[in-house]
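Trainee: Quick one: this structure, given as structure tokens, is what I'll be asking you about.
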Amino acid sequence: MERILVIGSSGQIGSELVLALRKIHGGENVFATDIKYPPKEVGKTGPFQILDVLDFNNLLHFLVRHKITQVYNLAAVLSGNAEKIPLQAWDINMKALMNTLEAARQSDAKKLFWPSSIAIFGPTTPMEETPQLTVMEPNTVYGISKLAGERWGEYYHNRYDIDFRSVRYPGLISYKTEPGGGTTDYAVEIFFEAIKKGMYECFLSEDTGLPMMFMDDAINNTIKLMDCDSSKLSLRSGYNMAGISFTPKTLSEAIKKHIPDFSISYKPDFRQAIADSWPASIDESVAIADWGLHTEYDLDRMTAVMLEKIREQLEEA
Ligand code: SER
């Protein structure tokens, strides 16, 4: 029986991942922790505790006391926010990872998921169908921390036999919990603004292509990777995940099919440079071959679900 700890359970990924894991393993076996309180559903369906992953002793104590076997560590300062506080963001992102790797080594929580990102690529990377293994010269604090993190994860696997697994998430699109401080956040904000105001001012230019993925696909594939037999995994850094590639303009056109009066304007800010340094599309063939990465949502299906669910949510509120 698995005993699972999710660190960062109040965030965009964590709040949905906890619920999905509890359906599989039972509420009492999936421990949710964060430094802030989680959405209601997370609190209602199983244990939640305030826990700061930067506090190593507390983290190790938690793993031992609750006999944790698997950890998903989702705590991070995202790309846009990290550029505002570079040294602090580096400290937080790296310490959060190093503490979980070390705590895994010193406990029975040997299986560890940690999210990498398309941010590990940089301006010198081939921008279309970016291969799994290619030039990686990220020029953002977030990207540098994710690339370093992949290297450390692989190191702990090779040196200490930690079962480290990771994917390079594209921008993640969800309606339950909004992201905070990322460069791909526009693709979530746009849906809320389209419904509330019928218009959106985008902080990226209209032709900025980026890979994105609907949250259900991200969660299902994350769990699939964690459930996969370890003999099938040919790499222990982060697997490329492609999702759907689109620009703000194409997304706005997909929204207009449902809200014909919707209008979008563009006012690029500092996040434009970050987006310009990231790939427009990704080659995910290694993940498909190794553990069967599979996505179900294309742009139109995702757009329809996002609009429907956000409307329902706003009506209930
Ligand atoms: N979605 C993240 C960000 O924009 C990238 O991993 O920071």
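Every chain in the structure tokens has a letter given in the order shown (A, B, ...), and although residue numbers restart at 1 in each chain, ligands are simply numbered from 1 in the order shown.
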Go through chain A residue by residue and, counting only C-alpha atoms and all ligand atoms, keep those with an atom at most 6 Å from ligand 1; for each kept residue give the shortest atom pair and its distance in Å to one decimal, ordered by chain and increasing number, as a tab-separated table.
Mentor:
residue	atom	partner	partner_atom_place_in_ligand_line	distance
A:Leu78	CA	ligand 1	7 (O)	4.2
A:Ser79	CA	ligand 1	7 (O)	3.7
A:Ser117	CA	ligand 1	6 (O)	4.4
A:Ile118	CA	ligand 1	6 (O)	5.9
A:Ala119	CA	ligand 1	6 (O)	5.8
A:Tyr169	CA	ligand 1	6 (O)	5.8
A:Pro170	CA	ligand 1	6 (O)	5.9
A:Gly171	CA	ligand 1	1 (N)	4.2
A:Gly182	CA	ligand 1	4 (O)	3.3
A:Thr183	CA	ligand 1	4 (O)	3.5
A:Thr184	CA	ligand 1	4 (O)	4.2
Trainee: Give the strand (DSSP E) residues of stretch 67-145 of chain A, as assigned by DSSP on the backbone, as a PyMOL selection string.
Mentor: chain A and resi 70-73+111-113+116-117
Trainee: For the residues selected in the previous step, produce a file with N, CA and C atoms as a JSON list (two decimals), in the first residue's frame.
Mentor:
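Written file, out22.json:
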[["chain", "number", "residue", "atom", "x", "y", "z"],
["A", 70, "GLN", "N", 5.82, 7.69, -1.15],
["A", 70, "GLN", "CA", 5.96, 8.49, -2.39],
["A", 70, "GLN", "C", 5.74, 9.96, -2.08],
["A", 71, "VAL", "N", 6.53, 10.81, -2.73],
["A", 71, "VAL", "CA", 6.36, 12.25, -2.55],
["A", 71, "VAL", "C", 6.18, 12.93, -3.91],
["A", 72, "TYR", "N", 5.19, 13.81, -4.00],
["A", 72, "TYR", "CA", 5.09, 14.72, -5.14],
["A", 72, "TYR", "C", 5.41, 16.10, -4.58],
["A", 73, "ASN", "N", 6.52, 16.67, -5.02],
["A", 73, "ASN", "CA", 6.91, 17.99, -4.51],
["A", 73, "ASN", "C", 6.66, 19.07, -5.56],
["A", 111, "LYS", "N", 10.29, 7.15, -3.67],
["A", 111, "LYS", "CA", 9.76, 7.51, -4.99],
["A", 111, "LYS", "C", 9.37, 8.97, -4.97],
["A", 112, "LEU", "N", 9.93, 9.73, -5.92],
["A", 112, "LEU", "CA", 9.76, 11.18, -5.87],
["A", 112, "LEU", "C", 9.39, 11.75, -7.24],
["A", 113, "PHE", "N", 8.28, 12.49, -7.27],
["A", 113, "PHE", "CA", 7.94, 13.25, -8.48],
["A", 113, "PHE", "C", 8.23, 14.72, -8.23],
["A", 116, "SER", "N", 9.49, 19.39, -13.77],
["A", 116, "SER", "CA", 10.36, 20.27, -14.55],
["A", 116, "SER", "C", 9.46, 21.07, -15.49],
["A", 117, "SER", "N", 10.05, 21.74, -16.46],
["A", 117, "SER", "CA", 9.27, 22.69, -17.24],
["A", 117, "SER", "C", 9.92, 22.93, -18.60]]
Trainee: Which residues, written as JSON, numbers by chain, have at least one atom at most 9 Å from A:Val286, with only C-alpha atoms counted and residues fewer than 3 positions away on the same chain left out?
Mentor: {"A": [132, 234, 239, 240, 283, 289, 290, 291, 293]}
Trainee: What is the distance, in Å and to one decimal place, between atom CA of A:His157 and atom CA of A:Arg236?
Mentor: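 One can read the atom CA of A:His157 to atom CA of A:Arg236 distance as 7.2 Å.
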Trainee: Give me, as number ranges by chain, all polymer residues having an atom no more than 10 Å from A:Asp217, counting only C-alpha atoms and skipping those fewer than 6 positions away in the same chain.
Mentor: A: 172-173, 243, 293-297
Trainee: Those same residues - C-alpha atoms - I'd like them written as a PDB file, in the first residue's frame.
Mentor:
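Generated file (part.pdb):
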ATOM      1  CA  LEU A 172      -1.006  24.196 -17.640  1.00  0.00           C
ATOM      2  CA  ILE A 173      -4.608  25.234 -18.151  1.00  0.00           C
ATOM      3  CA  GLY A 243       0.340  19.162 -25.234  1.00  0.00           C
ATOM      4  CA  LEU A 293       2.201   9.510 -22.697  1.00  0.00           C
ATOM      5  CA  HIS A 294      -1.257  10.171 -24.109  1.00  0.00           C
ATOM      6  CA  THR A 295      -3.344  13.343 -24.210  1.00  0.00           C
ATOM      7  CA  GLU A 296      -7.055  13.716 -24.949  1.00  0.00           C
ATOM      8  CA  TYR A 297      -7.690  17.436 -25.210  1.00  0.00           C
TER       9      TYR A 297
END
Trainee: List the neighbours of A:Val18 out to 9 Å using only C-alpha atoms; skip same-chain residues closer than 5 positions along the sequence, and give me the result as a ChimeraX atom specification.
Mentor: /A:5-6,9,13,23,27,30-32,42
Trainee: I need the chosen residues saved as a PDB file, in the first residue's frame, with N, CA and C atoms.
Mentor:
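See part08.pdb below for the written result:
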ATOM      1  N   LEU A   5       2.661  11.709  -0.043  1.00  0.00           N
ATOM      2  CA  LEU A   5       2.679  13.097   0.413  1.00  0.00           C
ATOM      3  C   LEU A   5       2.710  14.020  -0.807  1.00  0.00           C
ATOM      4  N   VAL A   6       1.778  14.976  -0.847  1.00  0.00           N
ATOM      5  CA  VAL A   6       1.803  16.001  -1.887  1.00  0.00           C
ATOM      6  C   VAL A   6       2.190  17.325  -1.233  1.00  0.00           C
ATOM      7  N   SER A   9       0.040  21.384  -2.064  1.00  0.00           N
ATOM      8  CA  SER A   9      -1.305  20.877  -2.389  1.00  0.00           C
ATOM      9  C   SER A   9      -2.349  21.982  -2.559  1.00  0.00           C
ATOM     10  N   ILE A  13      -1.488  22.800  -9.618  1.00  0.00           N
ATOM     11  CA  ILE A  13      -1.402  21.359  -9.905  1.00  0.00           C
ATOM     12  C   ILE A  13      -1.828  20.556  -8.674  1.00  0.00           C
ATOM     13  N   LYS A  23      -8.648   9.365  -5.148  1.00  0.00           N
ATOM     14  CA  LYS A  23      -9.596   8.435  -5.790  1.00  0.00           C
ATOM     15  C   LYS A  23      -8.946   7.068  -5.970  1.00  0.00           C
ATOM     16  N   GLY A  27      -8.602   8.412   0.540  1.00  0.00           N
ATOM     17  CA  GLY A  27      -8.326   9.725   1.115  1.00  0.00           C
ATOM     18  C   GLY A  27      -7.269   9.706   2.197  1.00  0.00           C
ATOM     19  N   VAL A  30      -3.381   9.771   1.251  1.00  0.00           N
ATOM     20  CA  VAL A  30      -2.779  10.867   0.476  1.00  0.00           C
ATOM     21  C   VAL A  30      -2.763  12.118   1.347  1.00  0.00           C
ATOM     22  N   PHE A  31      -1.577  12.482   1.825  1.00  0.00           N
ATOM     23  CA  PHE A  31      -1.403  13.613   2.738  1.00  0.00           C
ATOM     24  C   PHE A  31      -1.129  14.880   1.937  1.00  0.00           C
ATOM     25  N   ALA A  32      -1.957  15.891   2.168  1.00  0.00           N
ATOM     26  CA  ALA A  32      -1.782  17.167   1.479  1.00  0.00           C
ATOM     27  C   ALA A  32      -1.088  18.151   2.418  1.00  0.00           C
ATOM     28  N   VAL A  42      -9.972  19.702  -1.045  1.00  0.00           N
ATOM     29  CA  VAL A  42      -8.743  19.050  -0.578  1.00  0.00           C
ATOM     30  C   VAL A  42      -8.816  18.838   0.923  1.00  0.00           C
TER      31      VAL A  42
END
Trainee: Calculated over only C-alpha atoms, which of the candidates A:Glu178, A:Glu102, A:Asp52, A:Glu128 has the smallest distance to A:Pro39?
Mentor: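 Closest residue, counting only C-alpha atoms: A:Glu178.
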Trainee: Identify, with DSSP run on backbone atoms, the residues in stretch 11-131 of chain A assigned to alpha helix (DSSP H), and express the list as number ranges by chain.
Mentor: A: 14-25, 40-44, 56-65, 79-84, 86-105
Trainee: Considering only C-alpha atoms, can you say which of A:Cys228, A:Val188, A:Ala96, A:Ala104 comes closest to A:Lys176?
Mentor: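 Of all the options, A:Val188 lies closest to A:Lys176.
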Trainee: What is the atom CA of A:Asp185 to atom CA of A:Met199 distance in Å?
Mentor: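 About the pair atom CA of A:Asp185 and atom CA of A:Met199: they are 16.0 Å apart.
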Trainee: Would you mind listing what lies within 8 Å of A:Ile282 as a list in words, with only C-alpha atoms counted and same-chain residues fewer than 3 positions away left out?
Mentor: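 Using only C-alpha atoms, the neighbours found are Glu128, Glu129, Thr130, Pro131, Pro211, Asn240, Met241, Ala242 and Pro279 of chain A.
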Trainee: Just N, CA, C and O atoms for this one: save the residues we selected as a CSV table (one decimal), in the first residue's frame.
Mentor:
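The resulting file, result_8.csv, is reproduced below:
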chain,number,residue,atom,x,y,z
A,128,GLU,N,11.1,24.8,-32.7
A,128,GLU,CA,9.9,24.0,-33.2
A,128,GLU,C,10.2,22.5,-33.0
A,128,GLU,O,11.4,22.0,-33.2
A,129,GLU,N,9.3,21.7,-32.5
A,129,GLU,CA,9.4,20.3,-32.2
A,129,GLU,C,10.7,20.1,-31.4
A,129,GLU,O,11.5,19.2,-31.8
A,130,THR,N,10.9,20.8,-30.4
A,130,THR,CA,12.1,20.8,-29.6
A,130,THR,C,12.4,19.3,-29.1
A,130,THR,O,11.5,18.7,-28.5
A,131,PRO,N,13.6,18.8,-29.4
A,131,PRO,CA,13.8,17.4,-29.1
A,131,PRO,C,14.0,17.2,-27.6
A,131,PRO,O,14.3,18.2,-26.9
A,211,PRO,N,3.7,25.9,-26.0
A,211,PRO,CA,3.0,24.6,-25.7
A,211,PRO,C,2.2,24.7,-24.4
A,211,PRO,O,2.7,25.2,-23.4
A,240,ASN,N,10.1,15.3,-22.0
A,240,ASN,CA,9.3,16.3,-22.8
A,240,ASN,C,7.8,15.9,-22.8
A,240,ASN,O,7.5,14.8,-23.1
A,241,MET,N,6.9,16.9,-22.7
A,241,MET,CA,5.5,16.7,-22.9
A,241,MET,C,5.0,17.9,-23.7
A,241,MET,O,5.2,19.0,-23.4
A,242,ALA,N,4.3,17.5,-24.8
A,242,ALA,CA,4.0,18.6,-25.8
A,242,ALA,C,2.7,19.3,-25.6
A,242,ALA,O,2.6,20.5,-25.6
A,279,PRO,N,10.4,27.2,-26.3
A,279,PRO,CA,9.9,26.6,-27.5
A,279,PRO,C,8.5,26.9,-27.9
A,279,PRO,O,7.7,27.2,-27.0
Trainee: List the spatial neighbours of A:Met98 as a ChimeraX atom specification - criterion: any atom at most 9 Å away, only C-alpha atoms, same-chain residues fewer than 6 positions off excluded.
Mentor: /A:149,152-153
